[in-house]
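Here the structure comes first, spelled out in C-alpha cells, and everything after it is commentary.
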Amino acid sequence: MISHRLVPFAVVLIVGLLLFSSLIQVAAVQGESMMPALRDGQYVVAVRRFGRLRRGDVILLRRGQSILVKRIAYLPSDRIAPLDRPLFQDVQDFFEVGDQKTDLIVPEGKIVVLGDNRPKSDDSRHFGPIRTDDVVGKVIGATPFP
C-alpha cells in the first residue's frame with residue numbers, strides 16, 4: 001500500500017516535471033554543422049520562453065520531424081550583406097527584393113540561420129529563411145563533452 005506521505009511528494013514531483021518540460025528543451029547535437037562551438041553528441045539546454053531573438057543566438061528549430069541547432073545570422077527585415085548574397089543564390093526566391101534588384105531582404109516573421117561549420121551544415125542557404133514560429137528555444141548551455 002502506498003504511504004500517505006508519498007502522495008504529496010509524487011504530486012509535487014509530477015507538477016515540477018511538467019513545469020520543467022514546458023520551460024526547458026533538451027536536445028542532442030547531431031552532426032558537425034555547429035563545430036567548433038558544439039560537437040556531435042553534445043546535449044544542449046534551451047529555454048522555450050526566450051523573449052527577443054538576436055543575431056548570433058544559438059537556437060533550436062523545428063524542421064519537419066527534426067530539431068536542428070543553428071545560429072541566427074539575419075533577423076526579419078535585415079538586408080543580406082553583399083558578400084553573403086552568393087550564399088543564398090539557390091533560395092533567393094524566398095527573400096524579398098529591396099530597392100535595388102540585387103538587394104535581398106529577410107521577410108517579416110522569418111530569420112536566416114547558419115551552421116558554424118558551413119561546409120557540413122544544412123541551413124538557410126539550402127532551405128531559405130525559417131519562420132520565427134519554428135524556433136523551439138534559445139540555447140543557454142551545453143554539456144562540456146559528448
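Going through the C-alpha cells in order, the chains are called A, B, and so on, while each chain numbers its residues from 1 and the ligands are numbered from 1 in the order shown.
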Worksheet item: If we count only C-alpha atoms, what is near stretch 90-92 of chain A at a cut-off of 9 Å, once residues fewer than 6 positions away on the same chain are taken out, given as a PyMOL selection string?
Response: chain A and resi 104+124-129
Keeping only C-alpha atoms, write those residues as a PDB file, in the first residue's frame.
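Writing the result to part-v6.pdb gives the following:
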```
ATOM      1  CA  LEU A 104      17.824  40.524 -50.628  1.00  0.00           C
ATOM      2  CA  SER A 124      19.091  28.664 -44.724  1.00  0.00           C
ATOM      3  CA  ARG A 125      21.476  28.509 -47.674  1.00  0.00           C
ATOM      4  CA  HIS A 126      19.615  25.325 -48.646  1.00  0.00           C
ATOM      5  CA  PHE A 127      16.063  25.836 -47.357  1.00  0.00           C
ATOM      6  CA  GLY A 128      15.734  29.628 -47.143  1.00  0.00           C
ATOM      7  CA  PRO A 129      14.638  31.727 -44.167  1.00  0.00           C
TER       8      PRO A 129
END
```
Worksheet item: Quick one: residues within 7 Å of A:Ile59, only C-alpha atoms counted, chain neighbours fewer than 2 positions away excluded, as JSON, numbers by chain?
Response: {"A": [57, 61, 69, 70, 71, 135, 137, 138, 139]}
Residues of stretch 3-145 of chain A in strand (DSSP E or B) according to DSSP, as a JSON list (two decimals) with N, CA and C atoms, in the first residue's frame?
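Done, and the output landed in states.json:
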```json
[["chain", "number", "residue", "atom", "x", "y", "z"],
["A", 24, "ILE", "N", 11.80, 24.23, -20.52],
["A", 24, "ILE", "CA", 13.14, 23.81, -20.94],
["A", 24, "ILE", "C", 13.03, 22.73, -22.03],
["A", 25, "GLN", "N", 13.91, 22.79, -22.99],
["A", 25, "GLN", "CA", 14.02, 21.76, -24.03],
["A", 25, "GLN", "C", 15.47, 21.29, -24.04],
["A", 26, "VAL", "N", 15.67, 20.00, -24.01],
["A", 26, "VAL", "CA", 17.00, 19.41, -24.10],
["A", 26, "VAL", "C", 17.07, 18.69, -25.44],
["A", 27, "ALA", "N", 18.17, 18.89, -26.16],
["A", 27, "ALA", "CA", 18.34, 18.24, -27.47],
["A", 27, "ALA", "C", 19.79, 17.83, -27.65],
["A", 28, "ALA", "N", 19.98, 16.80, -28.44],
["A", 28, "ALA", "CA", 21.33, 16.33, -28.78],
["A", 28, "ALA", "C", 21.77, 16.98, -30.08],
["A", 43, "TYR", "N", 24.85, 17.57, -25.61],
["A", 43, "TYR", "CA", 23.48, 17.94, -25.32],
["A", 43, "TYR", "C", 23.43, 19.43, -25.04],
["A", 44, "VAL", "N", 22.39, 20.08, -25.56],
["A", 44, "VAL", "CA", 22.17, 21.50, -25.30],
["A", 44, "VAL", "C", 20.87, 21.67, -24.54],
["A", 45, "VAL", "N", 20.83, 22.71, -23.73],
["A", 45, "VAL", "CA", 19.63, 23.07, -22.98],
["A", 45, "VAL", "C", 19.14, 24.40, -23.52],
["A", 46, "ALA", "N", 17.87, 24.46, -23.83],
["A", 46, "ALA", "CA", 17.28, 25.69, -24.39],
["A", 46, "ALA", "C", 16.06, 26.08, -23.58],
["A", 47, "VAL", "N", 15.83, 27.38, -23.47],
["A", 47, "VAL", "CA", 14.61, 27.88, -22.83],
["A", 47, "VAL", "C", 13.56, 28.11, -23.90],
["A", 58, "VAL", "N", 22.25, 31.10, -30.55],
["A", 58, "VAL", "CA", 22.15, 29.71, -30.98],
["A", 58, "VAL", "C", 20.77, 29.24, -30.56],
["A", 59, "ILE", "N", 20.05, 28.63, -31.51],
["A", 59, "ILE", "CA", 18.66, 28.25, -31.27],
["A", 59, "ILE", "C", 18.41, 26.79, -31.64],
["A", 60, "LEU", "N", 17.31, 26.27, -31.13],
["A", 60, "LEU", "CA", 16.76, 25.01, -31.59],
["A", 60, "LEU", "C", 15.61, 25.36, -32.50],
["A", 61, "LEU", "N", 15.53, 24.71, -33.66],
["A", 61, "LEU", "CA", 14.43, 24.97, -34.56],
["A", 61, "LEU", "C", 13.85, 23.66, -35.07],
["A", 62, "ARG", "N", 12.56, 23.72, -35.33],
["A", 62, "ARG", "CA", 11.86, 22.55, -35.85],
["A", 62, "ARG", "C", 11.88, 22.61, -37.37],
["A", 63, "ARG", "N", 12.35, 21.54, -37.97],
["A", 63, "ARG", "CA", 12.38, 21.42, -39.44],
["A", 63, "ARG", "C", 11.82, 20.04, -39.75],
["A", 66, "SER", "N", 12.50, 16.93, -37.43],
["A", 66, "SER", "CA", 13.81, 17.08, -36.77],
["A", 66, "SER", "C", 13.89, 18.37, -35.97],
["A", 67, "ILE", "N", 14.76, 18.34, -34.97],
["A", 67, "ILE", "CA", 15.13, 19.54, -34.22],
["A", 67, "ILE", "C", 16.58, 19.83, -34.59],
["A", 68, "LEU", "N", 16.83, 21.02, -35.15],
["A", 68, "LEU", "CA", 18.18, 21.41, -35.57],
["A", 68, "LEU", "C", 18.74, 22.46, -34.61],
["A", 69, "VAL", "N", 20.05, 22.49, -34.49],
["A", 69, "VAL", "CA", 20.74, 23.50, -33.71],
["A", 69, "VAL", "C", 21.48, 24.39, -34.71],
["A", 70, "LYS", "N", 21.15, 25.69, -34.71],
["A", 70, "LYS", "CA", 21.77, 26.64, -35.66],
["A", 70, "LYS", "C", 21.97, 27.98, -34.98],
["A", 71, "ARG", "N", 22.71, 28.85, -35.67],
["A", 71, "ARG", "CA", 22.97, 30.21, -35.18],
["A", 71, "ARG", "C", 22.21, 31.21, -36.06],
["A", 72, "ILE", "N", 21.60, 32.21, -35.44],
["A", 72, "ILE", "CA", 20.88, 33.23, -36.18],
["A", 72, "ILE", "C", 21.88, 34.16, -36.85],
["A", 73, "ALA", "N", 21.74, 34.31, -38.16],
["A", 73, "ALA", "CA", 22.63, 35.18, -38.94],
["A", 73, "ALA", "C", 21.94, 36.49, -39.31],
["A", 74, "TYR", "N", 20.65, 36.42, -39.62],
["A", 74, "TYR", "CA", 19.89, 37.61, -40.02],
["A", 74, "TYR", "C", 18.50, 37.55, -39.41],
["A", 79, "ARG", "N", 18.83, 43.31, -44.34],
["A", 79, "ARG", "CA", 19.35, 43.17, -45.70],
["A", 79, "ARG", "C", 20.54, 42.21, -45.64],
["A", 96, "GLU", "N", 12.64, 38.81, -49.93],
["A", 96, "GLU", "CA", 12.06, 39.98, -50.58],
["A", 96, "GLU", "C", 13.17, 40.70, -51.33],
["A", 97, "VAL", "N", 12.78, 41.45, -52.36],
["A", 97, "VAL", "CA", 13.75, 42.22, -53.14],
["A", 97, "VAL", "C", 13.68, 43.67, -52.67],
["A", 104, "LEU", "N", 18.65, 41.58, -51.20],
["A", 104, "LEU", "CA", 17.82, 40.52, -50.63],
["A", 104, "LEU", "C", 17.49, 40.93, -49.20],
["A", 105, "ILE", "N", 16.20, 40.86, -48.86],
["A", 105, "ILE", "CA", 15.74, 41.26, -47.53],
["A", 105, "ILE", "C", 15.00, 40.08, -46.90],
["A", 110, "LYS", "N", 10.40, 35.99, -40.31],
["A", 110, "LYS", "CA", 11.36, 34.94, -40.65],
["A", 110, "LYS", "C", 12.77, 35.36, -40.24],
["A", 111, "ILE", "N", 13.64, 34.37, -40.09],
["A", 111, "ILE", "CA", 15.04, 34.61, -39.77],
["A", 111, "ILE", "C", 15.90, 33.70, -40.65],
["A", 112, "VAL", "N", 17.16, 34.07, -40.78],
["A", 112, "VAL", "CA", 18.13, 33.26, -41.51],
["A", 112, "VAL", "C", 19.05, 32.61, -40.50],
["A", 113, "VAL", "N", 19.21, 31.30, -40.63],
["A", 113, "VAL", "CA", 20.08, 30.56, -39.71],
["A", 113, "VAL", "C", 21.20, 29.89, -40.50],
["A", 114, "LEU", "N", 22.36, 29.81, -39.86],
["A", 114, "LEU", "CA", 23.52, 29.15, -40.47],
["A", 114, "LEU", "C", 24.19, 28.27, -39.41],
["A", 130, "ILE", "N", 13.67, 30.75, -42.17],
["A", 130, "ILE", "CA", 12.69, 29.95, -41.43],
["A", 130, "ILE", "C", 11.73, 30.88, -40.70],
["A", 131, "ARG", "N", 10.55, 30.36, -40.42],
["A", 131, "ARG", "CA", 9.56, 31.13, -39.66],
["A", 131, "ARG", "C", 10.02, 31.23, -38.20],
["A", 135, "VAL", "N", 11.04, 28.33, -34.23],
["A", 135, "VAL", "CA", 12.08, 28.34, -33.20],
["A", 135, "VAL", "C", 11.51, 27.69, -31.95],
["A", 136, "VAL", "N", 12.16, 26.63, -31.49],
["A", 136, "VAL", "CA", 11.72, 25.89, -30.32],
["A", 136, "VAL", "C", 12.25, 26.53, -29.04],
["A", 137, "GLY", "N", 13.47, 27.04, -29.08],
["A", 137, "GLY", "CA", 14.06, 27.65, -27.90],
["A", 137, "GLY", "C", 15.42, 28.24, -28.19],
["A", 138, "LYS", "N", 15.88, 29.03, -27.22],
["A", 138, "LYS", "CA", 17.20, 29.66, -27.30],
["A", 138, "LYS", "C", 18.15, 28.87, -26.40],
["A", 139, "VAL", "N", 19.27, 28.44, -26.97],
["A", 139, "VAL", "CA", 20.24, 27.62, -26.22],
["A", 139, "VAL", "C", 20.91, 28.47, -25.14],
["A", 140, "ILE", "N", 20.91, 27.93, -23.92],
["A", 140, "ILE", "CA", 21.52, 28.65, -22.79],
["A", 140, "ILE", "C", 22.72, 27.87, -22.21],
["A", 141, "GLY", "N", 22.92, 26.65, -22.67],
["A", 141, "GLY", "CA", 24.04, 25.88, -22.15],
["A", 141, "GLY", "C", 24.20, 24.56, -22.88],
["A", 142, "ALA", "N", 25.34, 23.93, -22.66],
["A", 142, "ALA", "CA", 25.63, 22.65, -23.30],
["A", 142, "ALA", "C", 26.50, 21.82, -22.38]]
```
Discussion item. Going by DSSP on the backbone, which residues of stretch 10-141 of chain A come out as alpha helix (DSSP H)? List them as a list in words.
Written reply: Ala10, Val11, Val12, Leu13, Ile14, Val15, Gly16, Leu17, Leu18, Leu19, Phe20, Ser21, Ser22, Leu23, Ser124, Arg125, His126 and Phe127 of chain A
Prev. selection, C-alpha atoms, output as a PDB file, in the first residue's frame:
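And here is the file that came out, out.pdb:
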```pdb
ATOM      1  CA  ALA A  10       4.600  12.327  -6.098  1.00  0.00           C
ATOM      2  CA  VAL A  11       2.192  15.166  -6.951  1.00  0.00           C
ATOM      3  CA  VAL A  12       4.911  17.790  -6.427  1.00  0.00           C
ATOM      4  CA  LEU A  13       7.342  15.739  -8.499  1.00  0.00           C
ATOM      5  CA  ILE A  14       4.882  15.359 -11.393  1.00  0.00           C
ATOM      6  CA  VAL A  15       3.922  19.056 -11.344  1.00  0.00           C
ATOM      7  CA  GLY A  16       7.615  20.003 -11.231  1.00  0.00           C
ATOM      8  CA  LEU A  17       8.434  17.784 -14.203  1.00  0.00           C
ATOM      9  CA  LEU A  18       5.531  19.199 -16.217  1.00  0.00           C
ATOM     10  CA  LEU A  19       6.596  22.754 -15.418  1.00  0.00           C
ATOM     11  CA  PHE A  20      10.234  21.967 -16.247  1.00  0.00           C
ATOM     12  CA  SER A  21       9.292  20.390 -19.591  1.00  0.00           C
ATOM     13  CA  SER A  22       7.175  23.408 -20.542  1.00  0.00           C
ATOM     14  CA  LEU A  23      10.073  25.816 -19.911  1.00  0.00           C
ATOM     15  CA  SER A 124      19.091  28.664 -44.724  1.00  0.00           C
ATOM     16  CA  ARG A 125      21.476  28.509 -47.674  1.00  0.00           C
ATOM     17  CA  HIS A 126      19.615  25.325 -48.646  1.00  0.00           C
ATOM     18  CA  PHE A 127      16.063  25.836 -47.357  1.00  0.00           C
TER      19      PHE A 127
END
```
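One finds atom CA of A:Lys120 at 13.2 Å from atom CA of A:Val29.
The smallest atom-to-atom distance between A:Ser121 and any of A:Arg5, A:Met35, A:Leu75, A:Gly51, using only C-alpha atoms, is found for A:Met35.
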